Each structure stands twice: as structure tokens, then as C-alpha cells.
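Colleague: My structure is in input37.txt, and what it holds is compact mmCIF, C-alpha atoms:
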```txt
# COMPACT_ATOMS: atom_id res chain seq x y z
CA MET A 1444 -11.27 28.90 46.59
CA THR A 1445 -14.31 26.86 47.58
CA PHE A 1446 -12.31 23.62 47.45
CA ILE A 1447 -9.48 25.19 49.45
CA ARG A 1448 -11.89 26.37 52.13
CA LEU A 1449 -13.60 23.00 52.34
CA GLY A 1450 -10.22 21.27 52.57
CA LEU A 1451 -9.16 23.58 55.37
CA LEU A 1452 -12.38 22.93 57.24
CA CYS A 1453 -11.94 19.17 56.87
CA CYS A 1454 -8.39 19.35 58.24
CA ILE A 1455 -9.52 21.39 61.24
CA ILE A 1456 -12.43 19.07 61.98
CA ILE A 1457 -10.21 15.98 61.72
CA TRP A 1458 -7.69 17.57 64.10
CA LEU A 1459 -10.38 18.50 66.59
CA ASN A 1460 -11.96 15.08 66.35
CA ALA A 1461 -8.61 13.55 67.26
CA ALA A 1462 -8.41 15.92 70.22
CA ALA A 1463 -11.97 15.08 71.15
CA ALA A 1464 -11.18 11.40 71.26
CA SER A 1465 -8.83 12.07 74.18
CA ALA A 1466 -10.98 14.72 75.86
CA HIS A 1467 -11.97 12.46 78.75
CA GLU A 1468 -8.29 12.03 79.62
CA ILE A 1469 -8.40 15.64 80.84
CA ARG A 1470 -10.43 14.50 83.85
CA PRO A 1471 -8.09 14.66 86.85
CA ALA A 1472 -6.76 11.76 88.86
CA ALA A 1473 -6.49 11.98 92.64
CA LEU A 1474 -4.05 10.62 95.22
CA GLU A 1475 -4.94 10.87 98.90
CA LEU A 1476 -2.49 10.06 101.69
CA THR A 1477 -3.74 9.99 105.29
CA GLU A 1478 -1.49 9.40 108.29
CA GLN A 1479 -2.92 6.97 110.81
CA PRO A 1480 -1.82 5.78 114.25
CA ASP A 1481 0.96 3.20 114.57
CA GLY A 1482 2.91 4.68 111.67
CA LEU A 1483 0.45 3.57 108.99
CA VAL A 1484 -0.54 5.65 105.97
CA GLY A 1485 -3.84 5.08 104.19
CA VAL A 1486 -3.52 5.48 100.42
CA ILE A 1487 -6.40 6.09 97.99
CA TRP A 1488 -5.50 6.26 94.30
CA LYS A 1489 -8.30 7.30 91.94
CA GLN A 1490 -7.77 7.60 88.20
CA PRO A 1491 -10.20 8.11 85.31
CA ILE A 1492 -11.18 5.36 82.91
CA LEU A 1493 -10.49 6.26 79.26
CA SER A 1494 -12.19 4.21 76.55
CA GLY A 1495 -12.91 1.43 79.01
CA ARG A 1496 -9.39 1.13 80.41
CA LYS A 1497 -7.33 2.84 83.08
CA LEU A 1498 -4.40 5.03 82.20
CA LYS A 1499 -0.89 3.57 82.45
CA MET A 1500 0.27 5.54 85.46
CA ARG A 1501 0.76 4.79 89.15
CA PRO A 1502 1.93 6.61 92.28
CA ILE A 1503 5.48 6.07 93.53
CA LEU A 1504 5.80 6.88 97.22
CA PRO A 1505 9.10 7.76 98.99
CA ASP A 1506 11.74 5.07 99.47
CA GLN A 1507 10.72 4.50 103.10
CA CYS A 1508 7.21 3.47 101.92
CA PRO A 1509 7.34 -0.07 100.46
CA PRO A 1510 5.01 -0.86 97.53
CA PRO A 1511 1.85 -2.70 98.49
CA ALA A 1512 1.61 -6.45 98.07
CA VAL A 1513 -2.18 -6.31 97.76
CA THR A 1514 -4.59 -3.45 97.01
CA SER A 1515 -8.36 -3.17 97.12
CA GLN A 1516 -9.77 -2.09 93.76
CA THR A 1517 -13.26 -0.84 92.92
CA ILE A 1518 -14.91 1.05 90.06
CA SER A 1519 -16.66 4.29 90.99
CA GLY A 1520 -18.45 5.96 88.08
CA ASP A 1521 -15.83 6.72 85.43
CA ALA A 1522 -12.86 6.01 87.68
CA ILE A 1523 -10.92 3.10 89.15
CA VAL A 1524 -10.22 3.45 92.86
CA GLU A 1525 -7.38 1.54 94.54
CA SER A 1526 -6.74 1.66 98.27
CA TRP A 1527 -4.15 0.17 100.61
CA GLN A 1528 -2.22 0.82 103.80
CA VAL A 1529 1.54 1.02 104.19
CA GLN A 1530 3.99 1.49 107.05
CA CYS A 1531 5.41 4.88 106.17
CA LYS A 1532 6.49 8.35 107.32
CA LEU A 1533 5.46 11.38 105.26
CA ASN A 1534 8.27 13.64 106.41
CA THR A 1535 10.88 13.22 103.67
CA GLY A 1536 11.38 12.01 100.12
CA ARG A 1537 9.43 12.58 96.91
CA ILE A 1538 6.07 11.53 95.56
CA THR A 1539 6.00 10.77 91.84
CA ILE A 1540 3.27 9.74 89.42
CA GLU A 1541 4.95 7.31 87.05
CA GLY A 1542 3.59 7.52 83.50
CA LEU A 1543 1.94 10.91 84.01
CA ASP A 1544 4.23 12.44 81.37
CA ARG A 1545 2.55 10.22 78.74
CA THR A 1546 -0.96 11.52 79.47
CA LEU A 1547 -2.93 14.76 79.20
CA THR A 1548 -4.34 14.61 82.70
CA ASP A 1549 -3.48 16.22 86.02
CA VAL A 1550 -3.20 14.55 89.42
CA PHE A 1551 -4.56 16.21 92.54
CA VAL A 1552 -2.58 15.08 95.61
CA ARG A 1553 -3.97 15.63 99.09
CA ILE A 1554 -1.95 14.81 102.23
CA ARG A 1555 -3.50 14.67 105.69
CA LEU A 1556 -1.06 14.40 108.59
CA LEU A 1557 -1.78 12.91 111.98
CA ASP A 1558 -1.71 16.35 113.66
CA GLY A 1559 -4.56 17.56 111.42
CA ALA A 1560 -2.42 19.55 108.98
CA GLU A 1561 -3.44 19.18 105.35
CA THR A 1562 -1.66 20.12 102.12
CA ALA A 1563 -2.49 19.78 98.43
CA HIS A 1564 -0.46 19.67 95.22
CA ILE A 1565 -1.32 19.49 91.52
CA LEU A 1566 0.97 17.32 89.42
CA ARG A 1567 1.06 17.64 85.63
CA PRO A 1568 2.76 15.80 82.76
CA ALA A 1569 5.60 18.34 82.80
CA SER A 1570 6.00 18.20 86.61
CA ALA A 1571 5.10 14.72 87.79
CA SER A 1572 6.66 14.80 91.27
CA PHE A 1573 7.18 16.95 94.36
CA ALA A 1574 9.22 16.81 97.55
CA LEU A 1575 7.45 16.19 100.84
CA GLY A 1576 7.61 19.15 103.18
CA THR A 1577 7.30 21.77 100.43
CA THR A 1578 4.66 24.43 101.00
CA SER A 1579 1.55 24.38 98.85
CA GLY A 1580 -0.91 26.73 100.53
CA SER A 1581 -4.48 25.86 101.42
CA PRO A 1582 -5.88 22.74 99.70
CA ALA A 1583 -8.88 24.79 98.58
CA SER A 1584 -6.68 27.18 96.57
CA ALA A 1585 -5.76 24.42 94.14
CA TYR A 1586 -9.40 24.19 93.02
CA LEU A 1587 -9.23 27.59 91.29
CA ARG A 1588 -6.72 26.36 88.73
CA ILE A 1589 -8.45 22.99 88.34
CA GLY A 1590 -11.72 24.77 87.49
CA ALA A 1591 -10.08 27.06 84.93
CA GLU A 1592 -8.23 24.20 83.27
CA HIS A 1593 -11.35 22.06 83.11
CA MET A 1594 -13.15 24.84 81.23
CA LEU A 1595 -10.27 25.71 78.90
CA PHE A 1596 -9.59 22.05 78.01
CA GLY A 1597 -13.21 20.92 78.03
CA TRP A 1598 -14.02 20.77 74.31
CA ASP A 1599 -17.74 20.22 74.84
CA HIS A 1600 -18.18 23.25 77.11
CA LEU A 1601 -16.10 25.50 74.83
CA LEU A 1602 -18.09 24.40 71.78
CA PHE A 1603 -21.35 25.27 73.51
CA VAL A 1604 -20.08 28.73 74.45
CA LEU A 1605 -18.86 29.21 70.86
CA GLY A 1606 -22.35 28.27 69.65
CA LEU A 1607 -23.84 30.88 71.97
CA LEU A 1608 -21.49 33.50 70.50
CA LEU A 1609 -22.62 32.61 66.97
CA LEU A 1610 -26.30 32.69 67.93
CA THR A 1611 -26.38 35.83 70.05
CA ALA A 1612 -26.27 39.48 69.04
CA THR A 1613 -23.47 41.43 70.73
CA ARG A 1614 -25.93 43.58 72.70
CA GLN A 1615 -27.45 40.43 74.27
CA LEU A 1616 -24.21 38.57 74.88
CA LEU A 1617 -23.65 39.69 78.48
CA TRP A 1618 -27.08 38.44 79.56
CA VAL A 1619 -26.74 35.17 77.68
CA ILE A 1620 -23.32 34.33 79.14
CA THR A 1621 -24.57 35.35 82.60
CA ALA A 1622 -27.55 33.00 82.23
CA PHE A 1623 -25.24 30.14 81.23
CA THR A 1624 -23.03 30.90 84.23
CA LEU A 1625 -26.01 30.97 86.59
CA GLY A 1626 -27.32 27.67 85.25
CA HIS A 1627 -24.12 25.65 85.58
CA SER A 1628 -23.26 27.27 88.94
CA VAL A 1629 -26.54 26.07 90.44
CA THR A 1630 -26.23 22.42 89.38
CA LEU A 1631 -22.50 22.36 90.12
CA ALA A 1632 -23.16 23.41 93.71
CA ILE A 1633 -26.14 21.08 94.19
CA THR A 1634 -24.29 18.08 92.77
CA ALA A 1635 -20.93 18.77 94.41
CA LEU A 1636 -22.56 19.01 97.84
CA GLY A 1637 -24.25 15.63 97.31
CA LEU A 1638 -27.82 16.95 97.08
CA PHE A 1639 -28.44 15.53 93.60
CA THR A 1640 -26.58 13.19 91.24
CA LEU A 1641 -27.03 11.67 87.80
CA PRO A 1642 -24.98 8.99 86.01
CA SER A 1643 -22.27 10.50 83.82
CA GLU A 1644 -23.22 8.67 80.60
CA PRO A 1645 -26.63 10.31 79.99
CA VAL A 1646 -25.25 13.68 81.12
CA GLU A 1647 -22.43 13.55 78.57
CA LEU A 1648 -24.84 12.47 75.84
CA LEU A 1649 -27.23 15.34 76.59
CA ILE A 1650 -24.34 17.82 76.62
CA ALA A 1651 -23.31 16.61 73.16
CA LEU A 1652 -26.91 16.95 71.95
CA SER A 1653 -27.05 20.50 73.33
CA ILE A 1654 -24.06 21.45 71.17
CA PHE A 1655 -25.59 19.96 68.02
CA PHE A 1656 -28.97 21.55 68.80
CA LEU A 1657 -27.34 24.96 69.18
CA ALA A 1658 -25.60 24.60 65.80
CA MET A 1659 -28.95 23.81 64.15
CA GLU A 1660 -30.48 26.90 65.74
CA VAL A 1661 -27.67 29.06 64.33
CA VAL A 1662 -28.39 27.67 60.85
CA ARG A 1663 -32.09 28.42 61.36
CA LYS A 1664 -31.30 32.01 62.33
CA TRP A 1665 -28.97 32.54 59.37
CA ASN A 1666 -31.76 31.31 57.07
CA GLY A 1667 -34.08 34.03 58.37
CA LYS A 1668 -36.24 31.76 60.53
CA THR A 1669 -37.07 32.15 64.18
CA SER A 1670 -37.69 30.04 67.29
CA LEU A 1671 -37.81 30.40 71.06
CA THR A 1672 -34.04 29.83 71.18
CA ILE A 1673 -33.41 32.62 68.66
CA ARG A 1674 -35.84 35.05 70.30
CA LYS A 1675 -34.68 34.36 73.86
CA PRO A 1676 -31.16 32.89 73.75
CA TRP A 1677 -30.68 33.61 77.46
CA LEU A 1678 -33.43 31.10 78.22
CA ILE A 1679 -31.76 28.23 76.36
CA ALA A 1680 -28.39 29.25 77.84
CA LEU A 1681 -29.88 29.01 81.34
CA ALA A 1682 -31.55 25.65 80.65
CA PHE A 1683 -28.50 24.02 79.08
CA GLY A 1684 -26.27 25.67 81.69
CA LEU A 1685 -28.03 23.51 84.28
CA LEU A 1686 -27.01 20.49 82.21
CA HIS A 1687 -23.39 21.56 81.72
CA GLY A 1688 -23.10 22.14 85.47
CA LEU A 1689 -23.54 18.39 85.91
CA GLY A 1690 -20.56 17.91 83.60
CA PHE A 1691 -18.41 20.28 85.67
CA ALA A 1692 -19.50 18.45 88.81
CA GLY A 1693 -18.23 15.19 87.29
CA ALA A 1694 -14.68 16.53 87.22
CA LEU A 1695 -15.03 17.87 90.74
CA ALA A 1696 -16.32 14.50 91.96
CA ASP A 1697 -13.11 12.86 90.71
CA ILE A 1698 -11.06 14.69 93.32
CA GLY A 1699 -13.67 15.42 95.99
CA LEU A 1700 -13.88 18.44 98.28
CA PRO A 1701 -11.50 18.99 101.22
CA LYS A 1702 -13.13 18.39 104.59
CA GLY A 1703 -13.86 21.60 106.43
CA GLU A 1704 -13.32 23.69 103.29
CA GLU A 1705 -16.09 22.36 101.07
CA ILE A 1706 -17.74 25.72 100.41
CA SER A 1707 -14.52 27.66 99.73
CA ALA A 1708 -13.17 24.92 97.46
CA LEU A 1709 -16.47 24.79 95.56
CA LEU A 1710 -16.52 28.57 95.14
CA LEU A 1711 -12.92 28.61 93.94
CA PHE A 1712 -13.56 25.77 91.46
CA ASN A 1713 -16.57 27.64 90.08
CA LEU A 1714 -14.59 30.87 89.94
CA GLY A 1715 -11.89 29.03 87.99
CA VAL A 1716 -14.53 27.82 85.53
CA GLU A 1717 -15.72 31.42 85.09
CA ILE A 1718 -12.17 32.68 84.56
CA GLY A 1719 -11.64 30.08 81.85
CA GLN A 1720 -14.96 30.99 80.25
CA ILE A 1721 -14.18 34.71 80.29
CA MET A 1722 -10.76 34.09 78.73
CA PHE A 1723 -12.34 32.09 75.89
CA VAL A 1724 -15.10 34.64 75.23
CA ALA A 1725 -12.57 37.50 75.30
CA LEU A 1726 -10.36 35.67 72.79
CA ALA A 1727 -13.29 35.01 70.45
CA LEU A 1728 -14.52 38.60 70.62
CA THR A 1729 -11.01 39.91 70.02
CA LEU A 1730 -10.74 37.76 66.90
CA LEU A 1731 -14.06 39.11 65.63
CA TRP A 1732 -12.99 42.67 66.39
CA CYS A 1733 -9.75 42.17 64.46
CA THR A 1734 -11.72 41.18 61.35
CA ARG A 1735 -13.14 44.72 61.29
CA LEU A 1736 -9.65 46.13 60.85
CA VAL A 1737 -9.03 44.22 57.63
CA SER A 1738 -11.10 43.51 54.56
CA VAL A 1739 -12.38 40.07 55.55
CA ASP A 1740 -15.82 38.56 55.02
CA ARG A 1741 -16.50 37.61 58.65
CA ARG A 1742 -19.42 35.30 57.88
CA LYS A 1743 -17.47 33.46 55.19
CA TRP A 1744 -14.06 33.07 56.82
CA ILE A 1745 -14.79 33.16 60.56
CA GLU A 1746 -18.38 32.38 61.47
CA THR A 1747 -19.08 29.65 58.90
CA PRO A 1748 -15.95 27.58 59.75
CA ALA A 1749 -16.77 28.03 63.45
CA LEU A 1750 -20.30 26.75 62.84
CA TYR A 1751 -18.90 23.72 60.98
CA LEU A 1752 -16.79 22.97 64.05
CA VAL A 1753 -19.66 23.32 66.49
CA GLY A 1754 -22.09 21.27 64.42
CA GLY A 1755 -19.56 18.68 63.24
CA LEU A 1756 -18.10 18.01 66.66
CA GLY A 1757 -21.54 18.15 68.28
CA ALA A 1758 -22.63 15.35 65.95
CA PHE A 1759 -19.37 13.47 66.54
CA TYR A 1760 -19.72 13.67 70.32
CA THR A 1761 -23.35 12.55 70.13
CA LEU A 1762 -22.60 9.51 67.98
CA SER A 1763 -19.50 8.53 69.97
CA ARG A 1764 -21.50 8.61 73.22
CA ILE A 1765 -24.35 6.56 71.78
CA LEU A 1766 -22.24 3.84 70.10
```
Give the structure from this file in C-alpha cells form.
Modeller:
Amino acid sequence: MTFIRLGLLCCIIIWLNAAAASAHEIRPAALELTEQPDGLVGVIWKQPILSGRKLKMRPILPDQCPPPAVTSQTISGDAIVESWQVQCKLNTGRITIEGLDRTLTDVFVRIRLLDGAETAHILRPASASFALGTTSGSPASAYLRIGAEHMLFGWDHLLFVLGLLLLTATRQLLWVITAFTLGHSVTLAITALGLFTLPSEPVELLIALSIFFLAMEVVRKWNGKTSLTIRKPWLIALAFGLLHGLGFAGALADIGLPKGEEISALLLFNLGVEIGQIMFVALALTLLWCTRLVSVDRRKWIETPALYLVGGLGAFYTLSRIL
């Protein structure tokens, strides 16, 4: 049975490592179309860089908008930004992201018309186009879903929350998760509003180290030892929450905040993050509760494999972001 369990753990870790290798592809791309006088449309196309290269996708505008002969291209953080102008009308036709169906990312599309009207759409691999003129609601409303998806598909953030669940007694869990929420909400707001920034590389490395550190603290606790983290898990959750908030802000920076709705979009993005976090915690607690209904050694079959995942992937992330 020991060999079977170890084999199962190895298979799960290999699968998650493969998923982790593409985790940065989850960062959204952004397409911004702005109507200008004289029938011109300003186009800004921003897509994330994955493993040092841009993804093989590009925007296809309606037939009345000819493709650009020349574009201006710059690198901004972890993204490539292309911009150009085209003689075009944004009143009919479809906008498509070619190659999106071969990725794991989303594309946030924002359209600003000459009369001041603004709409937003989220395109995904399964729905890579939309017709101009279709209603989409307020641009800020799209940030709710983006925030939830970033949490639910952000392996590093989920692993840290899982580590908190393994470290924390049930009676303390509410305070610990609240502290983590408070921490990342503060730095998310500060960074998103342009009051403070840090390069993404050291932030991602420190987030990976926080996951590995948390796994080591769980091992320490299970061995009957103690530390500040074990005695006051809410404190470490608050401190590392400040760090993870910088990671959330990185995804938000990829698409920017809509002018005039910065605060509402930021609040909705953060609310989406919290919804995703609550869904994950509820799922984990439900799984633990179900183990009480059957004769299962929870430490052996649930908590130990989960700790292997947190520690193994924490080490993997750390090494991959150093090398």
C-alpha cells in the first residue's frame, strides 16, 4: 500500500507540475479599440509573455478594418504591447482573436466610441469572437469574473490557501482567511491605483517561497514543534497576504482599469477574488467533512498527499523562478 500511495502522489505531482508550467498563460490579454476623429480607430493589443515568447494569437478586426502595414511594439513588464491606427467603423462586423482556442488565457476587450460610450467583453478559448453592437453591460462588471477566475486558476494562490487550511485549526480558520483577505486587498488596491509597484519577477519568487515556507511550518506542527507561525497563523496569513496582493495586481495591470470606473472595477475584481477563494475553501472543507462519514484516515489519505502537493509545488515554483 505504501508503494501504491507514493506512486499516486508522484502521478498527481507530475500532473500539477505540468499544469504549473503553463500557469502564467492564465494571465489575461487585452485589446483596446478607441474611436478617434476622421474615422480612425486606435488599437492597443497587449498579450502576456509565456516562457520568454508571446502567444500565437492576434486580433482580427471586422472586414471594413484593413490589417495594419506597420505596428509599434514595446515590452511592458511581462507583456508585449502592439499599437496602431486604422481607418475603420466600429458599427458592424465581428471581432475575433485568432489562435485563442489554442491557449488557456482570456482576452479582455474594451471599446470606446467617439460619443463617449464604452463597452467591454471577455473572450475565451471556447468563444473567441463577438459581434459589434451586442450589449455587454458596464465595463466594470467584467472585472468580477476576471477576479474569480484568476483566483480559481492561480495555482500559487490556491496552494497557499491550502497550506493555511493544513496549518490552521478549524476554530481559527475564519480569522486566518480574513487576515489573508485583508492583506492581499490592501496591496491590490495600493498597486492597482498606481501608488506602489514592484517588478513581477521578485514578487513571483517570494510568493513561491511563501508556499514552501508554509509547507515546512505544517511539517513542524505535525512533529509537535511550535513557532510564531504555528501560534499565530493569522499573523503570517496577513503578512503573506500583502505579498500575494501584488500577484493579483499583476493580472489586473495586464488589462488596466476603466477610466471613470476605477474604484468600482477594483472592488469588483477583489470581490471576484474573494468569491473564488470562498469556493475553494468551501470545497476543501466539504471534502474533509465527507471523510468523517466514512472510515478513512484523514491524515494519511487526505492531509499528507495535500502537504506533498503544497511542499512539492512550492519547491518547484521556487526553483523554476530562480533558474
Colleague: Considering all atoms listed in the file, can you say which of A:Ala1560, A:Ile1765, A:Ile1679, A:Ala1696 comes closest to Thr1621 of chain A?
Modeller: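 Selected residue with least distance to Thr1621 of chain A: A:Ile1679.
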Colleague: Is there a way to get, as a ChimeraX atom specification, all residues within 7 Å of the point (-5.4, 8.0, 95.7) in file coordinates, counting all atoms listed in the file?
Modeller: /A:1473-1476,1486-1489,1525-1526
Colleague: Considering only C-alpha atoms, state which residue in the set A:Ala1622, A:Pro1480, A:Leu1671, A:Pro1505 is at the smallest distance from Asp1558 of chain A.
Modeller: A:Pro1480
Colleague: For each of A:Leu1543, A:Leu1556, A:Leu1709, A:Leu1616, take the minimum atom-to-atom distance to Cys1531 of chain A, counting only C-alpha atoms, then give the residue where this is smallest.
Modeller: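 Checking each candidate against Cys1531 of chain A, we get A:Leu1556 as the closest.
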Colleague: Would you kindly return, as a PDB file with C-alpha atoms, keeping the file's coordinate frame, each protein, DNA or RNA residue with an atom no farther than 10 Å from any atom of Ala1583 of chain A, considering all atoms listed in the file and excluding same-chain residues fewer than 3 positions away?
Modeller:
```pdb
ATOM      1  CA  THR A1562      -1.660  20.120 102.120  1.00  0.00           C
ATOM      2  CA  ALA A1563      -2.490  19.780  98.430  1.00  0.00           C
ATOM      3  CA  GLY A1580      -0.910  26.730 100.530  1.00  0.00           C
ATOM      4  CA  TYR A1586      -9.400  24.190  93.020  1.00  0.00           C
ATOM      5  CA  LEU A1587      -9.230  27.590  91.290  1.00  0.00           C
ATOM      6  CA  LEU A1700     -13.880  18.440  98.280  1.00  0.00           C
ATOM      7  CA  PRO A1701     -11.500  18.990 101.220  1.00  0.00           C
ATOM      8  CA  LYS A1702     -13.130  18.390 104.590  1.00  0.00           C
ATOM      9  CA  GLY A1703     -13.860  21.600 106.430  1.00  0.00           C
ATOM     10  CA  GLU A1704     -13.320  23.690 103.290  1.00  0.00           C
ATOM     11  CA  GLU A1705     -16.090  22.360 101.070  1.00  0.00           C
ATOM     12  CA  ILE A1706     -17.740  25.720 100.410  1.00  0.00           C
ATOM     13  CA  SER A1707     -14.520  27.660  99.730  1.00  0.00           C
ATOM     14  CA  ALA A1708     -13.170  24.920  97.460  1.00  0.00           C
ATOM     15  CA  LEU A1709     -16.470  24.790  95.560  1.00  0.00           C
ATOM     16  CA  LEU A1710     -16.520  28.570  95.140  1.00  0.00           C
ATOM     17  CA  LEU A1711     -12.920  28.610  93.940  1.00  0.00           C
ATOM     18  CA  PHE A1712     -13.560  25.770  91.460  1.00  0.00           C
TER      19      PHE A1712
END
```
Colleague: Give me, please, the distance in Å between atom CA of Phe1655 of chain A and atom CA of Thr1640 of chain A, quoted to one decimal.
Modeller: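 Here the two named atoms are 24.2 Å from each other.
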Colleague: Using only C-alpha atoms, find the one residue out of A:Ile1620, A:Leu1681, A:Ala1522, A:Ile1538 that sits nearest to Val1604 of chain A.
Modeller: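 Of the candidates, the smallest distance to Val1604 of chain A is held by A:Ile1620.
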Colleague: Nearest to Ala1694 of chain A among A:Gly1719, A:Gly1590, A:Gly1482, A:Pro1645, with distances taken over all atoms listed in the file: which residue is it?
Modeller: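 Under the stated criterion, the closest residue is A:Gly1590.
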Colleague: For each of A:Ala1635, A:Ala1585, A:Leu1504, A:Leu1610, take the minimum atom-to-atom distance to Ser1572 of chain A, counting all atoms listed in the file, then give the residue where this is smallest.
Modeller: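 Among the listed residues, A:Leu1504 lies closest to Ser1572 of chain A.
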